[in-house]
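Participant: Got a file for you: my_file_23.txt, compact mmCIF, C-alpha atoms.
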# COMPACT_ATOMS: atom_id res chain seq x y z
CA MET W 1 0.00 0.00 0.00
CA GLY W 2 1.39 3.33 -1.07
CA GLU W 3 1.37 6.55 0.87
CA ASN W 4 -1.33 8.01 -1.34
CA ASP W 5 -3.49 4.89 -1.35
CA PRO W 6 -6.75 5.25 0.59
CA PRO W 7 -6.84 3.27 3.84
CA ALA W 8 -8.56 -0.07 3.67
CA ALA W 9 -11.99 -0.15 5.22
CA GLU W 10 -12.00 -1.96 8.58
CA ALA W 11 -14.05 -5.15 8.39
CA PRO W 12 -17.06 -5.08 10.72
CA PHE W 13 -16.97 -7.46 13.68
CA SER W 14 -19.01 -10.59 13.33
CA PHE W 15 -19.17 -13.93 15.11
CA ARG W 16 -18.82 -15.61 11.73
CA SER W 17 -15.38 -14.04 11.24
CA LEU W 18 -14.41 -14.68 14.87
CA PHE W 19 -14.98 -18.41 14.50
CA GLY W 20 -13.67 -18.55 10.94
CA LEU W 21 -17.02 -19.17 9.26
CA ASP W 22 -16.79 -16.53 6.53
CA ASP W 23 -15.86 -19.17 4.02
CA LEU W 24 -18.80 -21.42 4.92
CA LYS W 25 -21.03 -21.73 1.90
CA ILE W 26 -24.66 -22.62 2.42
CA SER W 27 -26.30 -24.28 -0.53
CA PRO W 28 -29.69 -22.90 -1.57
CA VAL W 29 -30.89 -26.47 -1.64
CA ALA W 30 -31.84 -27.85 1.77
CA PRO W 31 -28.55 -29.43 2.96
CA ASP W 32 -28.04 -32.57 4.95
CA ALA W 33 -27.83 -31.67 8.66
CA ASP W 34 -24.91 -34.01 9.34
CA ALA W 35 -22.97 -32.58 6.43
CA VAL W 36 -23.48 -28.99 7.61
CA ALA W 37 -22.38 -29.91 11.14
CA ALA W 38 -19.26 -31.61 9.82
CA GLN W 39 -18.45 -28.58 7.65
CA ILE W 40 -18.85 -26.18 10.61
CA LEU W 41 -16.59 -28.31 12.81
CA SER W 42 -13.97 -28.51 10.10
CA LEU W 43 -13.85 -24.70 9.82
CA LEU W 44 -13.93 -24.02 13.57
CA PRO W 45 -10.36 -23.30 14.77
CA LEU W 46 -9.23 -25.74 17.43
CA LYS W 47 -7.79 -22.89 19.47
CA PHE W 48 -11.32 -21.80 20.42
CA PHE W 49 -12.36 -25.16 21.93
CA PRO W 50 -10.69 -24.53 25.32
CA ILE W 51 -12.36 -21.11 25.49
CA ILE W 52 -15.77 -22.62 24.75
CA VAL W 53 -15.31 -25.41 27.28
CA ILE W 54 -14.08 -23.06 30.01
CA GLY W 55 -16.91 -20.62 29.29
CA THR W 56 -19.50 -23.40 29.50
CA ILE W 57 -18.09 -24.63 32.80
CA ALA W 58 -18.01 -21.09 34.20
CA LEU W 59 -21.65 -20.58 33.19
CA ILE W 60 -22.70 -23.82 34.90
CA VAL W 61 -20.79 -22.90 38.07
CA ALA W 62 -22.31 -19.41 38.10
CA LEU W 63 -25.81 -20.84 37.73
CA ALA W 64 -25.18 -23.38 40.50
CA VAL W 65 -23.87 -20.70 42.87
CA GLY W 66 -26.71 -18.38 42.00
CA LEU W 67 -29.32 -21.06 42.58
CA GLY W 68 -27.64 -22.06 45.83
CA ILE W 69 -27.81 -18.49 47.10
CA HIS W 70 -31.39 -18.17 45.90
CA PHE W 71 -32.57 -21.39 47.60
CA ASP W 72 -30.63 -20.86 50.81
CA CYS W 73 -33.20 -19.89 53.44
CA SER W 74 -30.88 -19.99 56.45
CA GLY W 75 -32.49 -17.96 59.22
CA LYS W 76 -35.55 -17.31 57.05
CA TYR W 77 -38.90 -18.92 56.30
CA ARG W 78 -39.24 -20.78 53.00
CA CYS W 79 -42.57 -20.56 51.21
CA ARG W 80 -43.75 -24.04 50.24
CA SER W 81 -45.80 -22.72 47.31
CA SER W 82 -42.71 -21.15 45.70
CA PHE W 83 -38.96 -20.78 46.17
CA LYS W 84 -39.39 -17.47 47.95
CA CYS W 85 -37.64 -16.85 51.28
CA ILE W 86 -39.07 -14.30 53.69
CA GLU W 87 -37.82 -12.88 56.96
CA MET W 88 -39.02 -14.66 60.10
CA THR W 89 -40.54 -11.39 61.28
CA ALA W 90 -42.90 -11.56 58.27
CA ARG W 91 -44.35 -14.88 59.38
CA CYS W 92 -47.70 -14.65 61.19
CA ASP W 93 -47.74 -10.85 60.84
CA GLY W 94 -51.17 -10.66 59.18
CA VAL W 95 -49.79 -10.12 55.67
CA SER W 96 -49.59 -13.04 53.22
CA ASP W 97 -46.09 -12.88 51.73
CA CYS W 98 -46.15 -16.39 50.24
CA LYS W 99 -48.12 -17.21 47.10
CA ASP W 100 -50.62 -19.44 48.92
CA GLY W 101 -50.46 -17.53 52.19
CA GLU W 102 -48.86 -20.38 54.13
CA ASP W 103 -46.74 -17.94 56.12
CA GLU W 104 -49.94 -17.02 57.98
CA TYR W 105 -50.81 -20.64 58.89
CA ARG W 106 -49.76 -22.60 61.98
CA CYS W 107 -49.26 -19.56 64.16
CA VAL W 108 -50.57 -21.32 67.28
CA ARG W 109 -49.51 -24.67 68.72
CA VAL W 110 -49.58 -26.80 71.87
CA SER W 111 -46.10 -27.91 72.91
CA GLY W 112 -44.25 -30.30 75.16
CA GLN W 113 -45.42 -32.94 77.59
CA ASN W 114 -47.53 -30.40 79.50
CA ALA W 115 -49.40 -29.08 76.43
CA ALA W 116 -48.23 -25.49 76.89
CA LEU W 117 -49.87 -22.99 74.54
CA GLN W 118 -47.45 -21.15 72.23
CA VAL W 119 -47.88 -18.37 69.67
CA PHE W 120 -45.51 -17.51 66.83
CA THR W 121 -44.88 -13.78 66.77
CA ALA W 122 -41.85 -11.49 66.41
CA ALA W 123 -39.86 -14.27 64.69
CA ALA W 124 -40.10 -16.82 67.53
CA TRP W 125 -42.39 -19.28 69.28
CA ARG W 126 -43.45 -17.72 72.57
CA THR W 127 -45.25 -19.35 75.49
CA MET W 128 -48.56 -17.84 76.56
CA CYS W 129 -48.67 -16.41 80.09
CA ALA W 130 -51.82 -16.93 82.11
CA ASP W 131 -52.02 -13.18 82.76
CA ASP W 132 -55.38 -11.78 81.49
CA TRP W 133 -56.25 -15.18 79.94
CA LYS W 134 -59.98 -15.90 79.54
CA SER W 135 -61.85 -19.08 78.64
CA HIS W 136 -63.07 -17.70 75.30
CA HIS W 137 -59.42 -17.21 74.30
CA ALA W 138 -59.05 -21.00 74.50
CA ALA W 139 -61.80 -21.47 71.92
CA VAL W 140 -59.92 -19.12 69.57
CA ALA W 141 -56.65 -21.01 70.12
CA CYS W 142 -58.25 -24.38 69.35
CA ALA W 143 -60.05 -23.00 66.29
CA GLN W 144 -56.73 -21.75 64.92
CA GLN W 145 -55.44 -25.33 65.15
CA GLY W 146 -58.44 -26.75 63.29
CA PHE W 147 -60.57 -27.89 66.22
CA PRO W 148 -64.26 -26.87 66.38
CA SER W 149 -64.18 -26.46 70.17
CA TYR W 150 -61.94 -26.94 73.16
CA VAL W 151 -62.08 -29.38 76.06
CA SER W 152 -60.23 -27.57 78.82
CA SER W 153 -57.76 -24.80 79.58
CA ASP W 154 -55.62 -24.71 82.70
CA THR W 155 -52.51 -23.07 84.13
CA LEU W 156 -49.07 -24.42 84.99
CA ARG W 157 -46.22 -22.98 87.01
CA VAL W 158 -43.46 -21.61 84.77
CA ASP W 159 -40.76 -23.58 86.60
CA LEU W 160 -42.50 -26.86 85.64
CA LEU W 161 -42.08 -26.15 81.93
CA GLU W 162 -39.32 -27.71 79.85
CA ALA W 163 -36.39 -25.26 79.70
CA ARG W 164 -36.76 -24.57 75.97
CA PHE W 165 -40.29 -23.21 76.53
CA ARG W 166 -39.14 -20.70 79.17
CA GLU W 167 -37.14 -18.46 76.81
CA HIS W 168 -39.84 -16.24 75.27
CA PHE W 169 -43.26 -15.23 76.58
CA VAL W 170 -46.38 -13.32 75.53
CA SER W 171 -49.63 -12.39 77.22
CA ILE W 172 -53.03 -11.39 75.92
CA SER W 173 -53.51 -7.65 75.54
CA HIS W 174 -55.87 -6.49 78.26
CA LEU W 175 -56.86 -3.52 76.08
CA LEU W 176 -58.66 -5.71 73.54
CA PRO W 177 -62.34 -6.64 74.08
CA GLY W 178 -62.92 -10.39 74.05
CA ASP W 179 -64.82 -10.38 70.74
CA LYS W 180 -61.88 -8.64 69.05
CA VAL W 181 -59.49 -11.52 69.78
CA THR W 182 -59.78 -13.61 66.60
CA ALA W 183 -56.10 -14.51 66.08
CA LEU W 184 -53.86 -14.85 69.11
CA GLN W 185 -50.66 -13.79 67.32
CA HIS W 186 -52.23 -10.38 66.68
CA SER W 187 -53.58 -9.96 70.20
CA VAL W 188 -50.52 -10.33 72.43
CA HIS W 189 -47.74 -8.31 74.04
CA LEU W 190 -44.15 -9.55 74.31
CA ARG W 191 -43.07 -10.37 77.84
CA GLU W 192 -39.76 -11.24 79.48
CA GLY W 193 -41.62 -13.32 82.06
CA CYS W 194 -45.09 -14.05 83.39
CA ALA W 195 -46.23 -11.73 86.17
CA SER W 196 -48.57 -14.45 87.45
CA GLY W 197 -45.82 -17.04 87.41
CA HIS W 198 -48.05 -19.34 85.37
CA VAL W 199 -48.54 -20.25 81.70
CA VAL W 200 -51.57 -21.57 79.82
CA THR W 201 -52.07 -25.26 79.02
CA LEU W 202 -54.67 -26.32 76.51
CA THR W 203 -56.61 -29.45 75.52
CA CYS W 204 -58.56 -29.16 72.26
CA SER W 205 -59.71 -32.75 71.76
CA ALA W 206 -61.16 -35.47 73.99
CA CYS W 207 -58.87 -38.18 72.66
CA GLY W 208 -57.29 -41.44 73.75
CA ARG W 209 -60.25 -42.38 75.90
CA ARG W 210 -61.84 -45.80 76.31
CA MET W 211 -65.51 -45.54 77.15
CA ARG W 212 -65.67 -49.16 78.28
CA ASP W 213 -63.26 -50.78 80.73
CA SER W 214 -61.46 -53.84 79.40
CA ALA W 215 -58.48 -55.87 80.49
CA ARG W 216 -55.29 -55.36 78.56
CA ILE W 217 -54.36 -58.09 76.12
CA VAL W 218 -51.07 -59.95 76.12
CA GLY W 219 -49.09 -61.63 73.36
CA GLY W 220 -51.17 -60.62 70.36
CA ASN W 221 -54.48 -61.97 71.66
CA ALA W 222 -57.69 -60.82 69.99
CA SER W 223 -59.08 -57.48 71.11
CA SER W 224 -62.55 -56.77 72.41
CA LEU W 225 -64.93 -54.08 71.25
CA ALA W 226 -64.02 -50.58 72.42
CA GLN W 227 -60.51 -51.64 73.42
CA TRP W 228 -58.91 -49.74 70.52
CA PRO W 229 -61.77 -47.42 69.49
CA TRP W 230 -59.57 -45.33 67.17
CA GLN W 231 -58.46 -48.29 65.03
CA ALA W 232 -59.59 -48.04 61.41
CA SER W 233 -59.60 -50.52 58.54
CA LEU W 234 -58.50 -48.98 55.22
CA GLN W 235 -60.09 -50.95 52.42
CA PHE W 236 -59.08 -50.67 48.78
CA GLN W 237 -61.85 -51.71 46.38
CA GLY W 238 -63.54 -53.57 49.22
CA TYR W 239 -60.48 -55.44 50.54
CA HIS W 240 -58.65 -54.60 53.77
CA LEU W 241 -55.21 -53.30 52.89
CA CYS W 242 -53.89 -51.25 55.82
CA GLY W 243 -54.73 -50.00 59.26
CA GLY W 244 -55.10 -46.42 60.37
CA SER W 245 -56.04 -44.31 63.39
CA LEU W 246 -58.94 -41.90 63.72
CA ILE W 247 -57.65 -38.51 64.90
CA THR W 248 -60.72 -36.29 64.28
CA PRO W 249 -64.26 -37.05 63.05
CA VAL W 250 -63.05 -36.71 59.44
CA TRP W 251 -59.31 -37.47 59.42
CA ILE W 252 -57.44 -40.79 59.50
CA VAL W 253 -53.66 -41.02 59.89
CA THR W 254 -51.92 -43.96 58.23
CA ALA W 255 -48.67 -44.95 56.53
CA ALA W 256 -47.68 -43.29 53.24
CA HIS W 257 -46.60 -46.63 51.75
CA CYS W 258 -50.24 -47.78 51.97
CA VAL W 259 -51.45 -45.10 49.56
CA TYR W 260 -48.34 -44.32 47.51
CA ASP W 261 -49.52 -45.92 44.25
CA LEU W 262 -53.19 -46.09 45.23
CA TYR W 263 -54.00 -42.42 45.53
CA LEU W 264 -57.51 -42.28 44.01
CA PRO W 265 -59.90 -41.49 46.89
CA LYS W 266 -62.90 -43.11 45.19
CA SER W 267 -61.16 -46.51 45.33
CA TRP W 268 -61.02 -46.44 49.13
CA THR W 269 -63.51 -46.96 51.95
CA ILE W 270 -62.87 -46.73 55.70
CA GLN W 271 -64.43 -48.75 58.50
CA VAL W 272 -64.15 -47.83 62.18
CA GLY W 273 -65.59 -49.38 65.33
CA LEU W 274 -65.01 -52.99 64.30
CA VAL W 275 -62.97 -55.93 65.51
CA SER W 276 -63.56 -58.68 62.91
CA LEU W 277 -63.01 -58.11 59.20
CA LEU W 278 -65.24 -61.07 58.30
CA ASP W 279 -68.56 -60.17 59.80
CA SER W 280 -68.95 -56.56 60.81
CA PRO W 281 -71.97 -54.27 60.92
CA ALA W 282 -69.73 -51.19 60.85
CA PRO W 283 -70.73 -48.72 58.11
CA SER W 284 -68.23 -47.77 55.42
CA HIS W 285 -67.06 -44.20 54.98
CA LEU W 286 -66.10 -42.83 51.59
CA VAL W 287 -62.80 -41.00 51.20
CA GLU W 288 -62.71 -37.41 49.94
CA LYS W 289 -58.98 -36.69 49.88
CA ILE W 290 -55.60 -38.33 50.44
CA VAL W 291 -52.60 -36.28 51.61
CA ARG W 292 -49.19 -37.98 51.52
CA HIS W 293 -46.02 -36.56 53.11
CA SER W 294 -44.28 -34.57 50.38
CA LYS W 295 -40.84 -36.03 51.21
CA TYR W 296 -41.82 -39.71 51.40
CA LYS W 297 -39.70 -42.04 49.26
CA PRO W 298 -40.91 -45.63 48.67
CA LYS W 299 -37.53 -47.29 49.32
CA ARG W 300 -36.80 -45.34 52.51
CA LEU W 301 -38.25 -45.47 56.00
CA GLY W 302 -38.52 -41.74 56.70
CA ASN W 303 -41.65 -39.60 56.37
CA ASP W 304 -43.89 -42.67 56.03
CA ILE W 305 -47.08 -40.89 56.99
CA ALA W 306 -50.29 -39.88 55.21
CA LEU W 307 -53.76 -38.50 55.94
CA MET W 308 -57.10 -39.63 54.56
CA LYS W 309 -60.10 -37.32 54.81
CA LEU W 310 -63.53 -38.90 55.10
CA ALA W 311 -66.34 -37.62 52.89
CA GLY W 312 -68.51 -37.34 56.01
CA PRO W 313 -67.75 -37.26 59.75
CA ALA W 314 -67.66 -40.41 61.85
CA SER W 315 -69.99 -40.38 64.84
CA PHE W 316 -68.16 -40.90 68.11
CA SER W 317 -69.47 -43.59 70.45
CA GLU W 318 -68.04 -46.03 72.96
CA MET W 319 -66.64 -48.04 70.02
CA ILE W 320 -65.45 -45.06 67.96
CA GLN W 321 -63.07 -42.53 69.55
CA PRO W 322 -60.08 -40.49 68.29
CA VAL W 323 -56.50 -41.26 69.30
CA CYS W 324 -54.27 -38.52 70.70
CA LEU W 325 -51.51 -36.97 68.60
CA PRO W 326 -48.26 -35.94 70.29
CA ASN W 327 -47.78 -32.26 70.98
CA SER W 328 -45.29 -30.15 69.04
CA GLU W 329 -41.70 -30.62 70.23
CA GLU W 330 -42.80 -33.38 72.61
CA ASN W 331 -39.95 -35.76 73.35
CA PHE W 332 -40.46 -39.42 74.19
CA PRO W 333 -37.60 -40.89 76.21
CA ASP W 334 -35.83 -44.07 75.20
CA GLY W 335 -37.60 -47.06 76.67
CA LYS W 336 -41.08 -45.54 76.51
CA MET W 337 -43.67 -48.34 76.43
CA CYS W 338 -46.08 -48.47 73.49
CA TRP W 339 -48.78 -50.74 72.01
CA THR W 340 -49.23 -51.70 68.36
CA SER W 341 -52.71 -52.72 67.19
CA GLY W 342 -54.02 -53.82 63.82
CA TRP W 343 -54.91 -56.74 61.58
CA GLY W 344 -51.34 -57.50 60.51
CA ALA W 345 -49.47 -60.71 61.25
CA THR W 346 -48.36 -60.98 64.89
CA GLU W 347 -45.32 -63.11 64.00
CA ASP W 348 -42.59 -62.62 61.41
CA GLY W 349 -43.09 -64.96 58.46
CA ALA W 350 -46.75 -65.72 59.16
CA SER W 351 -48.50 -67.14 56.10
CA ARG W 352 -51.56 -64.89 56.29
CA ALA W 353 -52.76 -61.93 58.29
CA PRO W 354 -55.50 -62.53 60.89
CA THR W 355 -59.02 -61.19 60.38
CA SER W 356 -59.54 -60.19 64.03
CA LEU W 357 -58.07 -57.06 65.57
CA ALA W 358 -55.11 -57.78 67.84
CA ALA W 359 -52.31 -55.93 69.59
CA THR W 360 -48.75 -56.81 70.43
CA PRO W 361 -47.41 -56.65 74.00
CA PRO W 362 -45.90 -53.37 75.19
CA SER W 363 -42.54 -52.71 73.59
CA THR W 364 -39.98 -49.94 73.56
CA PHE W 365 -38.98 -47.62 70.76
CA ARG W 366 -36.17 -45.24 69.98
CA ALA W 367 -37.09 -41.74 71.04
CA ARG W 368 -37.68 -39.03 68.44
CA SER W 369 -38.98 -35.50 68.73
CA THR W 370 -42.34 -34.69 67.16
CA ALA W 371 -41.33 -31.84 64.91
CA SER W 372 -43.70 -30.25 62.42
CA SER W 373 -44.32 -32.09 59.19
CA ASN W 374 -45.15 -31.18 55.59
CA LEU W 375 -48.65 -32.46 55.77
CA SER W 376 -51.43 -30.02 55.09
CA PRO W 377 -53.09 -28.53 58.18
CA LEU W 378 -56.19 -30.24 59.45
Can the structure from this file be put into structure tokens for me?
Facilitator:
Amino acid sequence: MGENDPPAAEAPFSFRSLFGLDDLKISPVAPDADAVAAQILSLLPLKFFPIIVIGTIALIVALAVGLGIHFDCSGKYRCRSSFKCIEMTARCDGVSDCKDGEDEYRCVRVSGQNAALQVFTAAAWRTMCADDWKSHHAAVACAQQGFPSYVSSDTLRVDLLEARFREHFVSISHLLPGDKVTALQHSVHLREGCASGHVVTLTCSACGRRMRDSARIVGGNASSLAQWPWQASLQFQGYHLCGGSLITPVWIVTAAHCVYDLYLPKSWTIQVGLVSLLDSPAPSHLVEKIVRHSKYKPKRLGNDIALMKLAGPASFSEMIQPVCLPNSEENFPDGKMCWTSGWGATEDGASRAPTSLAATPPSTFRARSTASSNLSPL
């Protein structure tokens, strides 16, 4: 190029020139896809392969880190209806921050072996002081937990509580009229301690009661009527498949493995108040809904729990009564005695299951705390 020659025009940037594809000729006739791919690879300089590989890896790592940060809810509340994390102070504050409003559920619970009433407010579970507590407040507390009424409300000395329930306290606001208390978490004041020295205990269900006295059975002997009034027979297409326990007039708790592949409610019927599977006058209840633990895995032992909702309520009688559920955060010590009832085989390797209700002798189990689950609220 001479001094008087005009400068050459600078070629515009393009990805085709970057990857050496300027010489790639595309035939007007529809080409074979494999042939085009081979032609592109033959023109692509090998020196760019490490850059492409490294860039792809970096993109994957960045996405993984970003998702990890996004899904990390440490110290926060995770919305089950989405991947959103909210501050603990936003839970039970009267404003639905989650898509389905689940951050405003389960704001009241009964905890520990003494059934102490607790309210979630100001980012923590707080035990209810007996100060300014009235009987109609108990009805509100039970209603918030899904019970239509309450059985009894009492007081307990603070020093008799488990230590973990003596850290945070609340009391009902004495400025609110009784008819204005519709949600306990919005009707309390934070307290460092209880001025009365007592907290509230609550019983919302008359459960675990036998209306008829009967001697305990030993060694898997057949049961008598009303001995296990909460026992239910879960029948799939008319055949007994699993046992369950009545916990309210319309809810049965059972094992998730019983309903894992058999989740159509219309295929199930429930019988309660019976002993023999062969000849029973007990009426059958249709099933409206089945709720399985969201984290249950068929080949694992954990989270093996499910709920079945009856289409209509069962009528309580001396032969039909609900069993008690453990309180939140209630610990059962190692060596605690328990009974197991049902229509299953009483011996390992038995050829067929019996048709009469029986129970095994008292046995011990490994203690576990009753933490909250992912089942829908009752």
Participant: Pick from W:Cys107, W:Cys204, W:Leu161, W:Leu301: nearest to Leu325 in chain W, with all atoms listed in the file counted?
Facilitator: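 Distance minimum relative to Leu325 in chain W lands on W:Cys204.
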Participant: Given all atoms listed in the file as the basis, pick out the residue of W:Glu162, W:Asp103, W:Asp97, W:Asp179 nearest to Lys134 in chain W.
Facilitator: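 Using all atoms listed in the file, the shortest distance to Lys134 in chain W belongs to W:Asp179.
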Participant: Need to verify the contact set: Asp154 in chain W, 12 Å, only C-alpha atoms, exclusion of same-chain residues closer than 5 positions in sequence. Can you return it as a ChimeraX atom specification?
Facilitator: /W:114-117,128-130,133-135,137-138,198-204
Participant: In Å, with one decimal, what is the gap from CA of Ile320 in chain W to CA of Asn303 in chain W?
Facilitator: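 Between CA of Ile320 in chain W and CA of Asn303 in chain W the gap is 27.0 Å.
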Participant: List as a PDB file with C-alpha atoms, in the coordinates of the input the protein and nucleic acid residues near Gln144 in chain W, meaning an atom at most 10 Å away when all atoms listed in the file are counted, but skip any in the same chain fewer than 3 places from it.
Facilitator:
ATOM      1  CA  TYR W 105     -50.810 -20.640  58.890  1.00  0.00           C
ATOM      2  CA  ARG W 106     -49.760 -22.600  61.980  1.00  0.00           C
ATOM      3  CA  CYS W 107     -49.260 -19.560  64.160  1.00  0.00           C
ATOM      4  CA  VAL W 108     -50.570 -21.320  67.280  1.00  0.00           C
ATOM      5  CA  ARG W 109     -49.510 -24.670  68.720  1.00  0.00           C
ATOM      6  CA  ALA W 138     -59.050 -21.000  74.500  1.00  0.00           C
ATOM      7  CA  ALA W 139     -61.800 -21.470  71.920  1.00  0.00           C
ATOM      8  CA  VAL W 140     -59.920 -19.120  69.570  1.00  0.00           C
ATOM      9  CA  ALA W 141     -56.650 -21.010  70.120  1.00  0.00           C
ATOM     10  CA  PHE W 147     -60.570 -27.890  66.220  1.00  0.00           C
ATOM     11  CA  PRO W 148     -64.260 -26.870  66.380  1.00  0.00           C
ATOM     12  CA  THR W 182     -59.780 -13.610  66.600  1.00  0.00           C
ATOM     13  CA  ALA W 183     -56.100 -14.510  66.080  1.00  0.00           C
ATOM     14  CA  LEU W 184     -53.860 -14.850  69.110  1.00  0.00           C
TER      15      LEU W 184
END
Participant: For range 315-322 of chain W, supply all heavy atoms and report the output as a PDB file, in the frame of the given file.
Facilitator:
ATOM      1  N   SER W 315     -69.289 -40.701  63.591  1.00  0.00           N
ATOM      2  CA  SER W 315     -69.990 -40.380  64.840  1.00  0.00           C
ATOM      3  C   SER W 315     -69.299 -41.089  65.997  1.00  0.00           C
ATOM      4  O   SER W 315     -69.169 -42.318  65.998  1.00  0.00           O
ATOM      5  CB  SER W 315     -71.456 -40.817  64.761  1.00  0.00           C
ATOM      6  OG  SER W 315     -72.130 -40.142  63.708  1.00  0.00           O
ATOM      7  N   PHE W 316     -68.849 -40.310  66.971  1.00  0.00           N
ATOM      8  CA  PHE W 316     -68.160 -40.900  68.110  1.00  0.00           C
ATOM      9  C   PHE W 316     -69.151 -41.647  69.006  1.00  0.00           C
ATOM     10  O   PHE W 316     -70.296 -41.222  69.191  1.00  0.00           O
ATOM     11  CB  PHE W 316     -67.445 -39.823  68.924  1.00  0.00           C
ATOM     12  CG  PHE W 316     -66.272 -39.212  68.217  1.00  0.00           C
ATOM     13  CD1 PHE W 316     -65.741 -37.995  68.631  1.00  0.00           C
ATOM     14  CD2 PHE W 316     -65.672 -39.845  67.140  1.00  0.00           C
ATOM     15  CE1 PHE W 316     -64.661 -37.430  67.991  1.00  0.00           C
ATOM     16  CE2 PHE W 316     -64.591 -39.289  66.485  1.00  0.00           C
ATOM     17  CZ  PHE W 316     -64.084 -38.078  66.914  1.00  0.00           C
ATOM     18  N   SER W 317     -68.676 -42.760  69.541  1.00  0.00           N
ATOM     19  CA  SER W 317     -69.470 -43.590  70.450  1.00  0.00           C
ATOM     20  C   SER W 317     -68.489 -44.334  71.336  1.00  0.00           C
ATOM     21  O   SER W 317     -67.282 -44.070  71.308  1.00  0.00           O
ATOM     22  CB  SER W 317     -70.343 -44.574  69.654  1.00  0.00           C
ATOM     23  OG  SER W 317     -69.523 -45.499  68.938  1.00  0.00           O
ATOM     24  N   GLU W 318     -68.969 -45.288  72.117  1.00  0.00           N
ATOM     25  CA  GLU W 318     -68.040 -46.030  72.960  1.00  0.00           C
ATOM     26  C   GLU W 318     -67.118 -46.914  72.129  1.00  0.00           C
ATOM     27  O   GLU W 318     -66.049 -47.318  72.597  1.00  0.00           O
ATOM     28  CB  GLU W 318     -68.811 -46.887  73.966  1.00  0.00           C
ATOM     29  CG  GLU W 318     -69.606 -48.040  73.357  1.00  0.00           C
ATOM     30  CD  GLU W 318     -70.214 -48.928  74.441  1.00  0.00           C
ATOM     31  OE1 GLU W 318     -70.018 -48.613  75.634  1.00  0.00           O
ATOM     32  OE2 GLU W 318     -70.880 -49.913  74.090  1.00  0.00           O
ATOM     33  N   MET W 319     -67.484 -47.212  70.886  1.00  0.00           N
ATOM     34  CA  MET W 319     -66.640 -48.040  70.020  1.00  0.00           C
ATOM     35  C   MET W 319     -65.854 -47.223  69.009  1.00  0.00           C
ATOM     36  O   MET W 319     -65.012 -47.755  68.295  1.00  0.00           O
ATOM     37  CB  MET W 319     -67.514 -49.076  69.280  1.00  0.00           C
ATOM     38  CG  MET W 319     -68.104 -50.135  70.195  1.00  0.00           C
ATOM     39  SD  MET W 319     -68.982 -51.421  69.290  1.00  0.00           S
ATOM     40  CE  MET W 319     -70.336 -50.499  68.574  1.00  0.00           C
ATOM     41  N   ILE W 320     -66.132 -45.930  68.923  1.00  0.00           N
ATOM     42  CA  ILE W 320     -65.450 -45.060  67.960  1.00  0.00           C
ATOM     43  C   ILE W 320     -64.977 -43.810  68.694  1.00  0.00           C
ATOM     44  O   ILE W 320     -65.800 -42.979  69.111  1.00  0.00           O
ATOM     45  CB  ILE W 320     -66.352 -44.684  66.785  1.00  0.00           C
ATOM     46  CG1 ILE W 320     -66.856 -45.933  66.061  1.00  0.00           C
ATOM     47  CG2 ILE W 320     -65.607 -43.771  65.814  1.00  0.00           C
ATOM     48  CD1 ILE W 320     -67.862 -45.636  64.948  1.00  0.00           C
ATOM     49  N   GLN W 321     -63.666 -43.669  68.863  1.00  0.00           N
ATOM     50  CA  GLN W 321     -63.070 -42.530  69.550  1.00  0.00           C
ATOM     51  C   GLN W 321     -61.761 -42.159  68.866  1.00  0.00           C
ATOM     52  O   GLN W 321     -61.093 -43.018  68.285  1.00  0.00           O
ATOM     53  CB  GLN W 321     -62.799 -42.860  71.021  1.00  0.00           C
ATOM     54  CG  GLN W 321     -64.047 -42.986  71.889  1.00  0.00           C
ATOM     55  CD  GLN W 321     -64.712 -41.648  72.124  1.00  0.00           C
ATOM     56  OE1 GLN W 321     -64.049 -40.654  72.418  1.00  0.00           O
ATOM     57  NE2 GLN W 321     -66.040 -41.623  72.002  1.00  0.00           N
ATOM     58  N   PRO W 322     -61.355 -40.888  68.917  1.00  0.00           N
ATOM     59  CA  PRO W 322     -60.080 -40.490  68.290  1.00  0.00           C
ATOM     60  C   PRO W 322     -58.889 -40.807  69.189  1.00  0.00           C
ATOM     61  O   PRO W 322     -59.002 -40.800  70.418  1.00  0.00           O
ATOM     62  CB  PRO W 322     -60.235 -38.981  68.115  1.00  0.00           C
ATOM     63  CG  PRO W 322     -61.129 -38.577  69.254  1.00  0.00           C
ATOM     64  CD  PRO W 322     -62.091 -39.731  69.456  1.00  0.00           C
TER      65      PRO W 322
END
